[in-house]
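A.B. asks: One file: target18.csv (CSV, C-alpha atoms and all ligand atoms).
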chain,number,residue,atom,x,y,z
W,1284,MET,CA,39.3,-118.6,-173.5
W,1285,ASP,CA,36.2,-117.0,-174.9
W,1286,LEU,CA,35.0,-115.9,-171.5
W,1287,LEU,CA,38.3,-114.0,-170.9
W,1288,LYS,CA,38.1,-112.3,-174.3
W,1289,GLN,CA,34.5,-111.3,-173.7
W,1290,LYS,CA,35.4,-109.8,-170.3
W,1291,ILE,CA,38.3,-107.9,-171.9
W,1292,LEU,CA,36.0,-106.5,-174.6
W,1293,ASN,CA,33.1,-105.7,-172.3
W,1294,ASP,CA,34.9,-104.5,-169.1
W,1295,GLY,CA,38.5,-103.6,-170.2
W,1296,ILE,CA,39.4,-100.0,-170.5
W,1297,VAL,CA,42.1,-98.9,-173.0
W,1298,LEU,CA,44.1,-96.3,-171.2
W,1299,SER,CA,46.6,-95.7,-174.0
W,1300,ASP,CA,48.0,-97.4,-177.1
W,1301,SER,CA,50.0,-99.7,-174.7
W,1302,VAL,CA,48.1,-100.0,-171.5
W,1303,LEU,CA,44.9,-101.9,-170.8
W,1304,LYS,CA,43.0,-101.5,-167.5
W,1305,VAL,CA,41.2,-104.6,-166.2
W,1306,ASP,CA,40.6,-103.5,-162.6
W,1307,SER,CA,37.0,-104.9,-162.7
W,1308,PHE,CA,38.0,-108.5,-162.9
W,1309,LEU,CA,41.7,-109.1,-162.5
W,1310,ASN,CA,43.8,-106.2,-161.1
W,1311,HIS,CA,41.6,-104.8,-158.3
W,1312,GLN,CA,38.2,-106.5,-158.1
W,1313,ILE,CA,38.5,-110.2,-158.9
W,1314,ASP,CA,36.0,-112.4,-160.7
W,1315,PRO,CA,36.4,-115.9,-159.1
W,1316,ASN,CA,34.5,-117.7,-161.8
W,1317,LEU,CA,36.7,-116.3,-164.4
W,1318,MET,CA,39.8,-117.1,-162.2
W,1319,LYS,CA,38.6,-120.7,-161.9
W,1320,GLU,CA,38.3,-121.0,-165.7
W,1321,ILE,CA,41.7,-119.5,-166.1
W,1322,GLY,CA,43.2,-122.0,-163.6
W,1323,ASP,CA,41.5,-124.9,-165.4
W,1324,GLU,CA,42.9,-123.8,-168.7
W,1325,PHE,CA,46.5,-123.5,-167.4
W,1326,VAL,CA,46.2,-127.0,-165.9
W,1327,GLU,CA,45.0,-128.3,-169.2
W,1328,ARG,CA,47.7,-126.6,-171.2
W,1329,PHE,CA,50.5,-127.8,-168.9
W,1330,ARG,CA,49.0,-131.1,-168.0
W,1331,ASP,CA,52.0,-133.3,-168.8
W,1332,GLU,CA,54.6,-131.2,-167.1
W,1333,LYS,CA,54.6,-132.8,-163.6
W,1334,ILE,CA,54.5,-129.3,-162.0
W,1335,THR,CA,55.5,-129.2,-158.3
W,1336,LYS,CA,55.0,-125.5,-157.6
W,1337,ILE,CA,53.6,-122.3,-159.1
W,1338,LEU,CA,55.7,-119.1,-158.9
W,1339,THR,CA,54.1,-115.7,-159.4
W,1340,ILE,CA,54.6,-112.1,-158.3
W,1341,GLU,CA,52.4,-110.0,-156.1
W,1342,SER,CA,49.8,-108.9,-156.3
W,1343,SER,CA,47.8,-109.6,-159.5
W,1344,GLY,CA,49.4,-112.9,-160.4
W,1345,ILE,CA,48.2,-114.5,-157.1
W,1346,ALA,CA,44.6,-115.1,-158.0
W,1347,PRO,CA,45.2,-117.0,-161.3
W,1348,ALA,CA,48.1,-118.8,-159.7
W,1349,VAL,CA,46.1,-119.9,-156.7
W,1350,MET,CA,43.3,-121.3,-158.9
W,1351,THR,CA,45.8,-123.2,-161.0
W,1352,ALA,CA,47.5,-124.6,-157.9
W,1353,LEU,CA,44.3,-125.6,-156.3
W,1354,LYS,CA,43.4,-127.8,-159.2
W,1355,LEU,CA,46.9,-129.3,-159.3
W,1356,GLY,CA,47.0,-129.8,-155.5
W,1357,ILE,CA,50.3,-127.9,-155.1
W,1358,ASN,CA,51.4,-124.7,-153.4
W,1359,VAL,CA,51.9,-121.2,-154.8
W,1360,VAL,CA,54.9,-119.0,-154.0
W,1361,PHE,CA,54.7,-115.3,-154.8
W,1362,ALA,CA,57.7,-113.1,-155.1
W,1363,ARG,CA,57.5,-110.0,-152.9
W,1364,LYS,CA,58.1,-106.6,-154.3
W,1365,ARG,CA,58.9,-105.0,-151.0
W,1366,LYS,CA,61.2,-106.1,-148.3
W,1367,SER,CA,59.2,-107.7,-145.4
W,1368,LEU,CA,60.4,-107.4,-141.8
W,1369,THR,CA,59.9,-111.1,-141.5
W,1370,LEU,CA,61.7,-111.9,-144.8
W,1371,VAL,CA,65.3,-110.9,-144.2
W,1372,ASN,CA,67.7,-113.8,-144.7
W,1373,ASP,CA,68.2,-116.5,-147.2
W,1374,LEU,CA,66.5,-114.9,-150.1
W,1375,TYR,CA,66.6,-115.3,-153.9
W,1376,THR,CA,66.4,-111.8,-155.4
W,1377,ALA,CA,66.1,-110.3,-158.8
W,1378,SER,CA,65.7,-106.8,-160.2
W,1379,VAL,CA,62.4,-106.1,-162.1
W,1380,HIS,CA,61.5,-102.9,-163.9
W,1381,SER,CA,57.8,-102.3,-163.8
W,1382,PHE,CA,56.3,-101.4,-167.2
W,1383,THR,CA,53.2,-99.7,-165.7
W,1384,LYS,CA,54.7,-98.0,-162.7
W,1385,ASN,CA,58.1,-97.2,-164.2
W,1386,VAL,CA,60.0,-98.2,-161.1
W,1387,THR,CA,62.6,-100.9,-160.5
W,1388,ASN,CA,61.8,-103.3,-157.7
W,1389,GLU,CA,64.0,-105.9,-156.1
W,1390,ILE,CA,61.8,-108.9,-155.9
W,1391,SER,CA,62.5,-111.7,-153.4
W,1392,VAL,CA,61.5,-115.2,-152.5
W,1393,SER,CA,62.6,-117.1,-149.5
W,1394,LYS,CA,65.1,-119.9,-150.2
W,1395,SER,CA,63.0,-122.2,-148.1
W,1396,PHE,CA,60.2,-122.4,-150.6
W,1397,LEU,CA,62.0,-123.4,-153.8
W,1398,ASP,CA,64.6,-126.1,-154.4
W,1399,GLU,CA,66.4,-128.1,-157.0
W,1400,ASN,CA,63.7,-130.8,-157.1
W,1401,ASP,CA,61.0,-128.3,-158.2
W,1402,ARG,CA,59.4,-128.2,-161.6
W,1403,ILE,CA,58.0,-124.7,-161.6
W,1404,LEU,CA,55.2,-123.1,-163.6
W,1405,ILE,CA,55.5,-119.3,-163.6
W,1406,ILE,CA,52.1,-117.4,-163.8
W,1407,ASP,CA,51.5,-113.7,-164.2
W,1408,ASP,CA,48.5,-111.5,-165.2
W,1409,PHE,CA,50.1,-109.5,-168.1
W,1410,LEU,CA,53.1,-110.0,-170.4
W,1411,ALA,CA,54.4,-106.7,-171.8
W,1412,ASN,CA,58.2,-106.4,-172.0
W,1413,GLY,CA,58.9,-109.6,-170.1
W,1414,GLN,CA,60.7,-108.0,-167.2
W,1415,ALA,CA,58.6,-109.7,-164.5
W,1416,ALA,CA,58.9,-113.1,-166.2
W,1417,LEU,CA,62.7,-112.7,-166.6
W,1418,GLY,CA,63.0,-111.8,-162.9
W,1419,LEU,CA,61.0,-114.9,-161.9
W,1420,LEU,CA,63.1,-117.1,-164.3
W,1421,ASP,CA,66.2,-115.8,-162.7
W,1422,ILE,CA,64.9,-116.8,-159.3
W,1423,VAL,CA,64.1,-120.3,-160.6
W,1424,LYS,CA,67.6,-120.6,-161.9
W,1425,GLN,CA,69.1,-119.5,-158.6
W,1426,ALA,CA,67.1,-122.2,-156.9
W,1427,ASN,CA,68.5,-124.8,-159.4
W,1428,ALA,CA,64.9,-125.7,-160.2
W,1429,GLU,CA,63.4,-126.2,-163.6
W,1430,ALA,CA,61.0,-123.8,-165.2
W,1431,VAL,CA,58.5,-125.8,-167.2
W,1432,GLY,CA,56.9,-122.8,-168.8
W,1433,ILE,CA,55.1,-119.5,-168.3
W,1434,GLY,CA,51.3,-119.0,-168.1
W,1435,ILE,CA,50.1,-115.5,-168.9
W,1436,VAL,CA,46.5,-114.3,-168.6
W,1437,ILE,CA,46.9,-111.4,-171.1
W,1438,GLU,CA,49.8,-111.0,-173.5
W,1439,LYS,CA,50.3,-107.8,-175.4
W,1440,SER,CA,51.8,-109.3,-178.5
W,1441,PHE,CA,52.9,-105.8,-179.8
W,1442,GLN,CA,55.4,-105.6,-177.0
W,1443,ASP,CA,58.5,-107.7,-177.1
W,1444,GLY,CA,58.3,-109.9,-173.9
W,1445,GLY,CA,56.7,-112.8,-175.7
W,1446,GLU,CA,59.4,-112.9,-178.4
W,1447,ILE,CA,62.2,-112.5,-175.9
W,1448,LEU,CA,61.0,-115.4,-173.8
W,1449,ARG,CA,60.1,-117.7,-176.7
W,1450,ASP,CA,63.5,-117.0,-178.4
W,1451,LYS,CA,65.1,-118.4,-175.2
W,1452,GLY,CA,63.2,-121.6,-175.8
W,1453,ILE,CA,60.8,-121.0,-173.0
W,1454,ARG,CA,57.2,-122.2,-173.4
W,1455,VAL,CA,54.8,-119.3,-173.1
W,1456,GLU,CA,51.1,-120.0,-173.0
W,1457,SER,CA,48.9,-116.9,-173.1
W,1458,LEU,CA,45.1,-117.1,-172.7
W,1459,ALA,CA,44.4,-113.9,-174.6
W,1460,GLN,CA,46.8,-112.3,-177.0
W,1461,ILE,CA,46.3,-108.7,-177.8
W,1462,GLU,CA,47.6,-107.5,-181.1
W,1463,SER,CA,46.8,-103.8,-180.7
W,1464,LEU,CA,45.2,-101.3,-178.4
W,1465,LYS,CA,45.3,-98.5,-181.0
W,1466,ASN,CA,42.4,-96.0,-181.3
W,1467,GLY,CA,41.0,-97.1,-177.9
W,1468,GLN,CA,40.2,-100.5,-179.5
W,1469,VAL,CA,41.2,-104.0,-178.4
W,1470,THR,CA,42.2,-106.2,-181.3
W,1471,PHE,CA,43.1,-109.8,-180.5
W,1472,LYS,CA,45.7,-111.8,-182.4
W,1473,GLU,CA,44.2,-114.5,-184.6
W,1474,GLU,CA,44.6,-117.9,-183.0
W,1475,VAL,CA,46.4,-120.4,-185.2
W,1476,THR,CA,44.9,-123.8,-184.8
W,1477,VAL,CA,47.2,-126.7,-185.8
W,1501,LIG,P1,56.5,-106.8,-168.1
W,1501,LIG,O1,57.3,-107.2,-166.9
W,1501,LIG,O2,56.2,-108.0,-169.0
W,1501,LIG,O3,57.1,-105.7,-168.9
W,1501,LIG,O4,55.1,-106.3,-167.6
W,1501,LIG,C1,54.3,-107.2,-166.9
W,1501,LIG,C2,53.8,-106.6,-165.6
W,1501,LIG,O5,53.4,-105.2,-165.8
W,1501,LIG,C3,52.6,-107.4,-165.2
W,1501,LIG,O6,52.9,-108.0,-164.0
W,1501,LIG,C4,51.5,-106.3,-164.9
W,1501,LIG,O7,51.3,-106.1,-163.6
W,1501,LIG,C5,52.0,-105.1,-165.5
W,1501,LIG,N1,51.4,-104.7,-166.8
W,1501,LIG,C6,52.1,-104.6,-168.0
W,1501,LIG,N2,51.3,-104.1,-169.0
W,1501,LIG,C7,50.1,-103.9,-168.4
W,1501,LIG,C8,48.8,-103.5,-168.9
W,1501,LIG,O8,48.6,-103.1,-170.0
W,1501,LIG,N3,47.8,-103.4,-168.0
W,1501,LIG,C9,47.9,-103.8,-166.7
W,1501,LIG,N4,46.9,-103.7,-165.9
W,1501,LIG,N5,49.1,-104.2,-166.2
W,1501,LIG,C10,50.2,-104.3,-167.0
Could you take the file, read its structure, and then write that structure out as structure tokens?
C.D. replies:
Amino acid sequence: MDLLKQKILNDGIVLSDSVLKVDSFLNHQIDPNLMKEIGDEFVERFRDEKITKILTIESSGIAPAVMTALKLGINVVFARKRKSLTLVNDLYTASVHSFTKNVTNEISVSKSFLDENDRILIIDDFLANGQAALGLLDIVKQANAEAVGIGIVIEKSFQDGGEILRDKGIRVESLAQIESLKNGQVTFKEEVTV
């Protein structure tokens, strides 16, 4: 994903040694051409998985999730972070501590949108400590569905989410892996080609 890496280098703002701001193409303003490439890449990487549904979390996971789902011809379900007046009964819920906001949200998904026949690809914008991904995996488990893997736009490899998830045997595919944000500088992890 050279385009994504270029965008990160050109437009990303390093806020601290651990936080990258990408509001100009992913977290606030959205670049649809980049989202389309991201969707195509996730489809390519998970092409043999017979995915039936994409699960993400509001709000920044939705754009890459929708582009992936569009190409696969399937639906996206996004976990809600706030209780909705119309979303009251029959919910799968999980607790997720937000790395950037330092609050714990109860996330929820209506039971009517996931079931035991689903093969689910989880997609999110960032992977830091893995809390969002673990919460979504918990919801997949409650639905007795199968999680085929996790697609991440930007993984910060210096935080432990990737290791926690991969140690559980979960397939994690990240389109950009950041090794360090030290000294205001983005350093990508070297890609190992097999
Ligand atoms: P985790 O749950 O893996 O600890 O953190 C992932 C979530 O926190 C993502 O959904 C994302 O919204 C947010 N996040 C974590 N790190 C960053 C970051 O460096 N920049 C931005 N923009 N969001 C982040």
A.B. asks: Return the single residue from W:Ile1405, W:Val1360, W:Leu1292, W:Ala1415 that is closest to ligand LIG 1501 (chain W), with distances computed using only C-alpha atoms and all ligand atoms.
C.D. replies: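 Smallest separation from ligand LIG 1501 (chain W) among the options: W:Ala1415.
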A.B. asks: Counting all atoms listed in the file, what are the residues of chain W within 9 Å of ligand LIG 1501 (chain W), and for each of them which pair of atoms is the nearest and at what distance in Å, to one decimal? Sort the table by chain and rising number, as a Markdown table.
C.D. replies:
| residue | atom | partner | partner_atom | distance |
| --- | --- | --- | --- | --- |
| W:Val1297 | CA | W:LIG1501 | O8 | 8.3 |
| W:Leu1298 | CA | W:LIG1501 | O8 | 8.2 |
| W:Ser1299 | CA | W:LIG1501 | O8 | 8.6 |
| W:Ser1301 | CA | W:LIG1501 | O8 | 6.0 |
| W:Val1302 | CA | W:LIG1501 | O8 | 3.5 |
| W:Leu1303 | CA | W:LIG1501 | O8 | 4.0 |
| W:Lys1304 | CA | W:LIG1501 | N4 | 4.8 |
| W:Val1305 | CA | W:LIG1501 | N4 | 5.8 |
| W:Asp1306 | CA | W:LIG1501 | N4 | 7.1 |
| W:Leu1309 | CA | W:LIG1501 | N4 | 8.2 |
| W:Asn1310 | CA | W:LIG1501 | N4 | 6.2 |
| W:Ile1340 | CA | W:LIG1501 | O6 | 7.2 |
| W:Glu1341 | CA | W:LIG1501 | O6 | 8.2 |
| W:Ser1342 | CA | W:LIG1501 | O7 | 8.0 |
| W:Ser1343 | CA | W:LIG1501 | O7 | 6.4 |
| W:Gly1344 | CA | W:LIG1501 | O6 | 7.0 |
| W:Val1379 | CA | W:LIG1501 | O1 | 7.1 |
| W:His1380 | CA | W:LIG1501 | O1 | 6.7 |
| W:Ser1381 | CA | W:LIG1501 | O5 | 5.6 |
| W:Phe1382 | CA | W:LIG1501 | O3 | 4.7 |
| W:Thr1383 | CA | W:LIG1501 | N1 | 5.4 |
| W:Lys1384 | CA | W:LIG1501 | O5 | 7.9 |
| W:Asp1407 | CA | W:LIG1501 | O6 | 5.9 |
| W:Asp1408 | CA | W:LIG1501 | O6 | 5.7 |
| W:Phe1409 | CA | W:LIG1501 | C3 | 4.4 |
| W:Leu1410 | CA | W:LIG1501 | O2 | 3.9 |
| W:Ala1411 | CA | W:LIG1501 | O2 | 3.6 |
| W:Asn1412 | CA | W:LIG1501 | O3 | 3.4 |
| W:Gly1413 | CA | W:LIG1501 | O2 | 3.3 |
| W:Gln1414 | CA | W:LIG1501 | O1 | 3.5 |
| W:Ala1415 | CA | W:LIG1501 | O1 | 3.7 |
| W:Ala1416 | CA | W:LIG1501 | O1 | 6.2 |
| W:Leu1417 | CA | W:LIG1501 | O1 | 7.7 |
| W:Gly1418 | CA | W:LIG1501 | O1 | 8.3 |
| W:Ile1437 | CA | W:LIG1501 | C8 | 8.4 |
| W:Glu1438 | CA | W:LIG1501 | N2 | 8.4 |
| W:Lys1439 | CA | W:LIG1501 | O8 | 7.4 |
| W:Gln1442 | CA | W:LIG1501 | O3 | 8.3 |
| W:Asp1443 | CA | W:LIG1501 | O2 | 8.4 |
| W:Gly1444 | CA | W:LIG1501 | O2 | 5.7 |
| W:Gly1445 | CA | W:LIG1501 | O2 | 8.3 |
A.B. asks: Separation of atom CA of Asn1316 of chain W and atom CA of Phe1471 of chain W, in Å?
C.D. replies: 22.0 Å
A.B. asks: May I ask which of the residues W:Asn1293, W:Phe1325, W:Val1469, W:Glu1429 is the closest one to Val1455 of chain W, counting only C-alpha atoms?
C.D. replies: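 Of all the options, W:Phe1325 lies closest to Val1455 of chain W.
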A.B. asks: I'd like the contact shell of Ile1357 of chain W - 8 Å cut-off, all atoms listed in the file, skipping same-chain residues fewer than 2 positions apart - returned as JSON, numbers by chain.
C.D. replies: {"W": [1335, 1336, 1337, 1352, 1353, 1355, 1359]}
A.B. asks: Using all atoms listed in the file, find the one residue out of W:Ala1346, W:Met1284, W:Ser1463, W:Gly1356 that sits nearest to Gln1312 of chain W.
C.D. replies: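 Looking only at the distances to Gln1312 of chain W, the closest residue turns out to be W:Ala1346.
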A.B. asks: Considering all atoms listed in the file, return as a VMD selection string whatever protein or nucleic-acid residues lie within 7 Å of segment 1390-1396 of chain W, sequence-local ones (same chain, fewer than 5 positions apart) excluded.
C.D. replies: chain W and resid 1362 to 1365 1373 to 1379
A.B. asks: Mind writing the picked residues with C-alpha atoms as a PDB file, in the frame of the given file?
C.D. replies:
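What follows is the written file result.pdb:
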ATOM      1  CA  ALA W1362      57.700-113.100-155.100  1.00  0.00           C
ATOM      2  CA  ARG W1363      57.500-110.000-152.900  1.00  0.00           C
ATOM      3  CA  LYS W1364      58.100-106.600-154.300  1.00  0.00           C
ATOM      4  CA  ARG W1365      58.900-105.000-151.000  1.00  0.00           C
ATOM      5  CA  ASP W1373      68.200-116.500-147.200  1.00  0.00           C
ATOM      6  CA  LEU W1374      66.500-114.900-150.100  1.00  0.00           C
ATOM      7  CA  TYR W1375      66.600-115.300-153.900  1.00  0.00           C
ATOM      8  CA  THR W1376      66.400-111.800-155.400  1.00  0.00           C
ATOM      9  CA  ALA W1377      66.100-110.300-158.800  1.00  0.00           C
ATOM     10  CA  SER W1378      65.700-106.800-160.200  1.00  0.00           C
ATOM     11  CA  VAL W1379      62.400-106.100-162.100  1.00  0.00           C
TER      12      VAL W1379
END
